[in-house]
Amino acid sequence: MSRRSGILEFAVLGLLRESPMHGYELRKRLNTSLGVFRAFSYGTLYPCLKTLVANGWLIEEAGNSPEDALAAPLTGRRAKIVYRLTAEGKEHFEELLSQTGPDAYEDETFAARFAFFGQTSRDVRMRVLEGRRSRLEERLEKMRASLARTRERLDDYTLELQRHGMESVEREVRWLNELIESERAGRDLKGSGPGGSAQQNTTSGSTGGLPRPGETPGTDTPGETAT
């Protein structure tokens with residue numbers, strides 16, 4: 001399994017833990033509310049859903065909303081399939097939530113993990129945040145060393161690009177420091193807490209997705225419009 005497909009499975013299980021959804025709703029949440037995936041298509045989502053169903057982590061049910069019941073006879077189309085998390089799927093997701101290994105600190109993986117911090121225990125959140133900070137501090141040290149070695153050979157624009165990259169990492173480290181301080185003090189982010197949704201647990205001032213590497217925490221990440 002590729003890392004990206006693993007992240008997708010994690011996010012789908014997390015969203016379905018909140019409530020059952022059909023494919024359109026899932027794609028919309030993945031593209032907009034979480035802000036973790038870009039250029040995301042049904043061609044990627046449905047194979048993932050089939051795998052999760054085959055593993056016994058999801059079940060498929062016919063949509064039973066009044067709209068579905070009225071539309072099916074008129075259009076000749078099947079009712080929308082709704083995906084529901086099974087007890088085994090919930091247990092598997094909770095196991096994934098508890099993992100704090102190096103994969104949890106990587107750029108895209110961390111964004112997905114952070115999206116579900118409202119469902120994650122405080123001690124696990126702390127380990128993931130501290131691991132992410134350590135990873136970025138190592139990256140920042142390497143960037144500074146590289147810049148010091150090559151500064152004289154770089155033109156002004158390349159030099160400015162490297163400086164911009166360093167500043168982006170520095171901003172995320174400061175953001176992580178603030179989050180870690182809040183966790184140590186026993187404070188949750190506004191709107192988070194037990195049962196909080198993934199969308200609620202974004203950074204302060206953000207109405208969209210999570211910060212990506214190179215982006216300033218607290219800014220919106222535009223999502224793809226679902227079709």
# chains A, B, ... in the order shown; residues from 1 in each chain; ligands from 1

$ select_by_dssp --residues "segment 93-158 of chain A" --states "alpha helix (DSSP H)" --output "ChimeraX atom specification"
/A:93-97,107-115,122-150,156-158

$ residues_around --residues "Thr109 of chain A" --least-positions-apart "3" --cutoff "9 Å" --atoms "only C-alpha atoms" --output "list in words"
Arg3, Arg4, Ile7, Val36, Asp103, Ala104, Tyr105, Glu106, Ala112, Arg113 and Phe114 of chain A

$ atom_distance --atom1 "atom CA of His22 of chain A" --atom2 "atom CA of Leu96 of chain A"
22.6 Å

$ closest_residue --among "A:Leu140, A:Leu159, A:Leu26, A:Ile59" --to "Leu45 of chain A" --atoms "only C-alpha atoms"
A:Leu26

$ closest_residue --among "A:Glu25, A:Ala111, A:Leu13, A:Asp123" --to "Thr86 of chain A" --atoms "only C-alpha atoms"
A:Leu13

$ atom_distance --atom1 "atom CA of Arg133 of chain A" --atom2 "atom CA of Ile180 of chain A"
9.4 Å
